Amino acid sequence: MIYEKIGAPLCTRLNDRFALLGAVKNDGSYNFMTVSWGGFGILWGKEVCFVFVRPERHTFSFCESSNTFTLSFFDDERRSDLLTCGKKSGRDIDKAKECGFDVSCESGALKFKDAALTLTLRKMYAQDLSEECFFDKSALSFYKDSGYHRMYVCELICADIK
């Protein structure tokens, strides 16, 4: 199992250290964004990851057009770059160039040369969050200025650990 191979509390890693969610379109173009919301578990007999992307994010169209994503974790010295990738849009800048990331597209998956851990994810399910489904209405405070996230349930199909 991939979870056994990783051997680390992924939820803590995602929340504390962030990750880059990357997707590649059929034409070879790619984009990525910093994420810190998500989860890991077992669903439908598979190891899965839940990731959330707002439709207004540039990365959203890449996620929609691809069947696979990558979720890449880095050592702490890259934290400022991950913060930059969460604040700036790929519509406006070349984030890989600005942050000095060495990227490649391998079999439709975005890879970062210096990522400590890269999870390759295969989309299984997607659902838009909606106001009427929130039982805890305090969570709606995260949606005052922008749209609701789309949740993707993805199977973990590969883990590259350095």
# chains A, B, ... in the order shown; residues from 1 in each chain; ligands from 1
$ closest_atom_pairs --of "range 115-158 of chain A" --to "range 15-37 of chain A" --cutoff "10 Å" --atoms "only C-alpha atoms" --output "JSON lines"
{"residue": "A:Ala115", "atom": "CA", "partner": "A:Leu20", "partner_atom": "CA", "distance": 9.4}
{"residue": "A:Leu117", "atom": "CA", "partner": "A:Ala19", "partner_atom": "CA", "distance": 9.5}
{"residue": "A:Thr118", "atom": "CA", "partner": "A:Leu20", "partner_atom": "CA", "distance": 9.2}
{"residue": "A:Leu119", "atom": "CA", "partner": "A:Leu21", "partner_atom": "CA", "distance": 9.6}
{"residue": "A:Thr120", "atom": "CA", "partner": "A:Gly22", "partner_atom": "CA", "distance": 9.6}
{"residue": "A:Leu121", "atom": "CA", "partner": "A:Ala23", "partner_atom": "CA", "distance": 10.0}
$ residues_around --residues "Met1 in chain A" --least-positions-apart "5" --cutoff "12 Å" --atoms "only C-alpha atoms" --output "PDB file with C-alpha atoms, in the first residue's frame"
ATOM      1  CA  ILE A   6       5.082   6.968   2.758  1.00  0.00           C
ATOM      2  CA  GLY A   7       5.052   6.312   6.498  1.00  0.00           C
ATOM      3  CA  GLY A  41      -8.169   7.902   3.659  1.00  0.00           C
ATOM      4  CA  ILE A  42      -9.704   4.760   2.274  1.00  0.00           C
ATOM      5  CA  GLY A  45     -11.536  -0.019  -1.315  1.00  0.00           C
ATOM      6  CA  LYS A  46      -8.791   2.343  -2.507  1.00  0.00           C
ATOM      7  CA  GLU A  47      -6.263   4.702  -0.941  1.00  0.00           C
ATOM      8  CA  VAL A  48      -7.591   8.164  -1.746  1.00  0.00           C
ATOM      9  CA  GLU A 155      -6.960   7.451  -6.013  1.00  0.00           C
ATOM     10  CA  LEU A 156      -3.293   7.436  -5.006  1.00  0.00           C
ATOM     11  CA  ILE A 157      -1.592   5.583  -7.836  1.00  0.00           C
ATOM     12  CA  CYS A 158       2.068   6.350  -7.190  1.00  0.00           C
ATOM     13  CA  ALA A 159       4.336   7.843  -4.536  1.00  0.00           C
TER      14      ALA A 159
END
$ atom_distance --atom1 "CA of Phe60 in chain A" --atom2 "CA of Tyr152 in chain A"
10.9 Å
$ closest_residue --among "A:Lys111, A:Arg150, A:Lys162, A:His58" --to "Cys85 in chain A" --atoms "only C-alpha atoms"
A:His58
$ select_by_dssp --residues "chain A" --states "alpha helix (DSSP H)" --output "PyMOL selection string"
chain A and resi 2-6+10-17+58-65+79-87+95-99
$ closest_residue --among "A:Ala116, A:Tyr125, A:Gly147, A:Arg79" --to "Ile161 in chain A" --atoms "only C-alpha atoms"
A:Ala116
